[in-house]
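**Q** Please find one structure pasted underneath; my questions will follow.
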Amino acid sequence: MRADGQPSATARRLIRRAGAILWPSFFAAGVMTMVFFAYVDPLVLQDMTFPTLHLGRELGYSLGFFLAWTGTASSSLFTWLLLRPSKAFQRGLATPDHRS
């Protein structure tokens, strides 16, 4: 944080990167949750998987959404990590090799 109350350039970059990962994954998880729970009742799913637990339908929807959001956010994060150029590659572009 700078003296004028504004975030530093590094903090702004981090916020932009987090937003680029979290917002699309939030949207995808919302759509995926709506489609999934249009066909699957959380109470029936709970009876098939964990019959001893007694969870409400709303909690099932919430857990399903957060599970989907976690999965889509990890997918976005892994894609971002794989698309980052390595340090050696960046140095290679900055100083071209003229040894042909």
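Residue numbers start at 1 in each chain; chains themselves are named A, B, ... in the order of the structure tokens; ligands are numbered from 1 in the order shown.
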If you run DSSP on this backbone, which residues of range 10-98 of chain A come out as alpha helix (DSSP H), and could you give them as a short mmCIF file (atom, residue, chain, number, x, y, z; two decimals) with N, CA and C atoms, in the first residue's frame?

**A**
data_model
loop_
_atom_site.label_atom_id
_atom_site.label_comp_id
_atom_site.auth_asym_id
_atom_site.auth_seq_id
_atom_site.Cartn_x
_atom_site.Cartn_y
_atom_site.Cartn_z
N THR A 10 2.62 -3.89 -7.71
CA THR A 10 2.65 -5.34 -7.50
C THR A 10 1.30 -5.83 -6.99
N ALA A 11 0.70 -5.10 -6.06
CA ALA A 11 -0.61 -5.49 -5.53
C ALA A 11 -1.68 -5.41 -6.61
N ARG A 12 -1.62 -4.39 -7.47
CA ARG A 12 -2.59 -4.27 -8.56
C ARG A 12 -2.46 -5.43 -9.54
N ARG A 13 -1.22 -5.82 -9.84
CA ARG A 13 -1.00 -6.97 -10.74
C ARG A 13 -1.57 -8.24 -10.13
N LEU A 14 -1.34 -8.44 -8.84
CA LEU A 14 -1.85 -9.62 -8.15
C LEU A 14 -3.38 -9.63 -8.13
N ILE A 15 -3.99 -8.48 -7.91
CA ILE A 15 -5.45 -8.38 -7.91
C ILE A 15 -6.00 -8.69 -9.30
N ARG A 16 -5.36 -8.17 -10.35
CA ARG A 16 -5.80 -8.46 -11.72
C ARG A 16 -5.68 -9.94 -12.04
N ARG A 17 -4.58 -10.56 -11.63
CA ARG A 17 -4.39 -11.99 -11.89
C ARG A 17 -5.41 -12.82 -11.14
N ALA A 18 -5.66 -12.48 -9.87
CA ALA A 18 -6.66 -13.21 -9.09
C ALA A 18 -8.04 -13.06 -9.72
N GLY A 19 -8.35 -11.86 -10.18
CA GLY A 19 -9.64 -11.64 -10.84
C GLY A 19 -9.76 -12.40 -12.14
N ALA A 20 -8.66 -12.47 -12.88
CA ALA A 20 -8.68 -13.21 -14.15
C ALA A 20 -8.84 -14.71 -13.93
N ILE A 21 -8.48 -15.20 -12.76
CA ILE A 21 -8.64 -16.62 -12.45
C ILE A 21 -10.00 -16.87 -11.80
N LEU A 22 -10.37 -16.04 -10.82
CA LEU A 22 -11.57 -16.30 -10.02
C LEU A 22 -12.88 -15.96 -10.72
N TRP A 23 -12.93 -14.86 -11.50
CA TRP A 23 -14.20 -14.48 -12.11
C TRP A 23 -14.66 -15.49 -13.16
N PRO A 24 -13.84 -15.88 -14.15
CA PRO A 24 -14.32 -16.87 -15.12
C PRO A 24 -14.67 -18.21 -14.46
N SER A 25 -13.90 -18.60 -13.44
CA SER A 25 -14.19 -19.86 -12.77
C SER A 25 -15.50 -19.76 -11.97
N PHE A 26 -15.79 -18.60 -11.40
CA PHE A 26 -17.06 -18.38 -10.70
C PHE A 26 -18.23 -18.52 -11.67
N PHE A 27 -18.09 -17.90 -12.82
CA PHE A 27 -19.14 -17.96 -13.84
C PHE A 27 -19.35 -19.40 -14.32
N ALA A 28 -18.25 -20.09 -14.64
CA ALA A 28 -18.35 -21.47 -15.11
C ALA A 28 -18.96 -22.38 -14.03
N ALA A 29 -18.57 -22.18 -12.78
CA ALA A 29 -19.11 -22.99 -11.69
C ALA A 29 -20.61 -22.73 -11.52
N GLY A 30 -21.03 -21.49 -11.69
CA GLY A 30 -22.46 -21.18 -11.59
C GLY A 30 -23.26 -21.88 -12.66
N VAL A 31 -22.78 -21.82 -13.89
CA VAL A 31 -23.48 -22.49 -14.99
C VAL A 31 -23.46 -24.00 -14.79
N MET A 32 -22.31 -24.54 -14.42
CA MET A 32 -22.18 -25.98 -14.22
C MET A 32 -23.10 -26.45 -13.08
N THR A 33 -23.19 -25.68 -12.02
CA THR A 33 -24.05 -26.04 -10.89
C THR A 33 -25.52 -26.03 -11.29
N MET A 34 -25.92 -25.02 -12.06
CA MET A 34 -27.32 -24.97 -12.49
C MET A 34 -27.68 -26.16 -13.37
N VAL A 35 -26.80 -26.50 -14.30
CA VAL A 35 -27.07 -27.63 -15.18
C VAL A 35 -27.08 -28.93 -14.39
N PHE A 36 -26.10 -29.12 -13.52
CA PHE A 36 -26.02 -30.36 -12.75
C PHE A 36 -27.23 -30.55 -11.85
N PHE A 37 -27.59 -29.52 -11.10
CA PHE A 37 -28.69 -29.66 -10.16
C PHE A 37 -30.07 -29.54 -10.82
N ALA A 38 -30.10 -29.25 -12.10
CA ALA A 38 -31.38 -29.33 -12.82
C ALA A 38 -31.79 -30.79 -12.99
N TYR A 39 -30.80 -31.69 -12.98
CA TYR A 39 -31.07 -33.11 -13.16
C TYR A 39 -30.87 -33.95 -11.89
N PRO A 42 -29.99 -32.81 -4.65
CA PRO A 42 -28.95 -32.99 -3.65
C PRO A 42 -29.31 -34.00 -2.56
N LEU A 43 -30.58 -34.10 -2.21
CA LEU A 43 -30.97 -35.05 -1.17
C LEU A 43 -30.84 -36.50 -1.65
N VAL A 44 -31.17 -36.74 -2.92
CA VAL A 44 -31.02 -38.09 -3.48
C VAL A 44 -29.53 -38.42 -3.59
N LEU A 45 -28.74 -37.45 -4.02
CA LEU A 45 -27.29 -37.65 -4.11
C LEU A 45 -26.69 -37.94 -2.73
N GLN A 46 -27.15 -37.23 -1.73
CA GLN A 46 -26.67 -37.45 -0.37
C GLN A 46 -27.08 -38.82 0.15
N ASP A 47 -28.28 -39.27 -0.17
CA ASP A 47 -28.72 -40.60 0.25
C ASP A 47 -27.89 -41.70 -0.41
N MET A 48 -27.45 -41.46 -1.65
CA MET A 48 -26.65 -42.46 -2.35
C MET A 48 -25.20 -42.48 -1.87
N THR A 49 -24.67 -41.35 -1.47
CA THR A 49 -23.24 -41.27 -1.15
C THR A 49 -22.97 -41.35 0.35
N ARG A 57 -31.15 -29.45 1.59
CA ARG A 57 -31.02 -29.25 0.15
C ARG A 57 -30.18 -28.01 -0.16
N GLU A 58 -30.39 -26.92 0.60
CA GLU A 58 -29.65 -25.68 0.35
C GLU A 58 -28.15 -25.89 0.59
N LEU A 59 -27.82 -26.64 1.63
CA LEU A 59 -26.41 -26.92 1.90
C LEU A 59 -25.81 -27.77 0.78
N GLY A 60 -26.60 -28.69 0.25
CA GLY A 60 -26.14 -29.50 -0.88
C GLY A 60 -25.84 -28.64 -2.10
N TYR A 61 -26.73 -27.68 -2.39
CA TYR A 61 -26.50 -26.76 -3.50
C TYR A 61 -25.23 -25.94 -3.26
N SER A 62 -25.07 -25.44 -2.04
CA SER A 62 -23.90 -24.61 -1.71
C SER A 62 -22.61 -25.41 -1.81
N LEU A 63 -22.60 -26.60 -1.23
CA LEU A 63 -21.39 -27.43 -1.31
C LEU A 63 -21.07 -27.80 -2.75
N GLY A 64 -22.10 -28.09 -3.53
CA GLY A 64 -21.88 -28.41 -4.95
C GLY A 64 -21.28 -27.24 -5.70
N PHE A 65 -21.80 -26.03 -5.42
CA PHE A 65 -21.26 -24.85 -6.10
C PHE A 65 -19.81 -24.61 -5.72
N PHE A 66 -19.50 -24.68 -4.42
CA PHE A 66 -18.12 -24.41 -4.01
C PHE A 66 -17.16 -25.49 -4.48
N LEU A 67 -17.63 -26.71 -4.58
CA LEU A 67 -16.80 -27.77 -5.14
C LEU A 67 -16.53 -27.50 -6.62
N ALA A 68 -17.56 -27.10 -7.35
CA ALA A 68 -17.39 -26.77 -8.77
C ALA A 68 -16.49 -25.55 -8.93
N TRP A 69 -16.65 -24.55 -8.07
CA TRP A 69 -15.81 -23.35 -8.16
C TRP A 69 -14.35 -23.68 -7.88
N THR A 70 -14.11 -24.53 -6.90
CA THR A 70 -12.74 -24.94 -6.60
C THR A 70 -12.12 -25.66 -7.80
N GLY A 71 -12.90 -26.54 -8.42
CA GLY A 71 -12.38 -27.27 -9.58
C GLY A 71 -12.10 -26.36 -10.77
N THR A 72 -13.01 -25.44 -11.06
CA THR A 72 -12.78 -24.56 -12.21
C THR A 72 -11.70 -23.52 -11.91
N ALA A 73 -11.59 -23.09 -10.66
CA ALA A 73 -10.51 -22.15 -10.30
C ALA A 73 -9.16 -22.83 -10.40
N SER A 74 -9.07 -24.11 -9.99
CA SER A 74 -7.79 -24.81 -10.12
C SER A 74 -7.43 -24.99 -11.58
N SER A 75 -8.42 -25.26 -12.41
CA SER A 75 -8.16 -25.40 -13.84
C SER A 75 -7.62 -24.09 -14.42
N SER A 76 -8.25 -22.97 -14.05
CA SER A 76 -7.78 -21.67 -14.53
C SER A 76 -6.38 -21.36 -14.01
N LEU A 77 -6.14 -21.68 -12.74
CA LEU A 77 -4.82 -21.43 -12.15
C LEU A 77 -3.74 -22.26 -12.85
N PHE A 78 -4.01 -23.53 -13.11
CA PHE A 78 -3.03 -24.37 -13.78
C PHE A 78 -2.78 -23.89 -15.21
N THR A 79 -3.82 -23.44 -15.89
CA THR A 79 -3.63 -22.88 -17.23
C THR A 79 -2.75 -21.65 -17.17
N TRP A 80 -3.00 -20.77 -16.21
CA TRP A 80 -2.18 -19.56 -16.07
C TRP A 80 -0.73 -19.93 -15.79
N LEU A 81 -0.52 -20.92 -14.92
CA LEU A 81 0.85 -21.33 -14.60
C LEU A 81 1.56 -21.91 -15.82
N LEU A 82 0.85 -22.68 -16.62
CA LEU A 82 1.46 -23.28 -17.80
C LEU A 82 1.74 -22.27 -18.91
N LEU A 83 0.98 -21.20 -18.97
CA LEU A 83 1.16 -20.21 -20.02
C LEU A 83 2.23 -19.16 -19.70
N LYS A 87 11.79 -18.13 -16.99
CA LYS A 87 12.80 -17.07 -16.89
C LYS A 87 13.85 -17.21 -17.98
N ALA A 88 14.24 -18.44 -18.28
CA ALA A 88 15.25 -18.65 -19.32
C ALA A 88 14.72 -18.20 -20.68
N PHE A 89 13.45 -18.46 -20.93
CA PHE A 89 12.86 -18.05 -22.20
C PHE A 89 12.79 -16.54 -22.29
N GLN A 90 12.44 -15.88 -21.19
CA GLN A 90 12.36 -14.42 -21.19
C GLN A 90 13.75 -13.81 -21.41
N ARG A 91 14.78 -14.39 -20.77
CA ARG A 91 16.14 -13.89 -20.97
C ARG A 91 16.58 -14.11 -22.41
N GLY A 92 16.19 -15.22 -23.00
CA GLY A 92 16.55 -15.53 -24.38
C GLY A 92 15.96 -14.53 -25.35
N LEU A 93 14.77 -14.03 -25.06
CA LEU A 93 14.16 -13.02 -25.93
C LEU A 93 14.81 -11.66 -25.75
N ALA A 94 15.23 -11.38 -24.53
CA ALA A 94 15.83 -10.07 -24.26
C ALA A 94 17.21 -9.96 -24.88
#
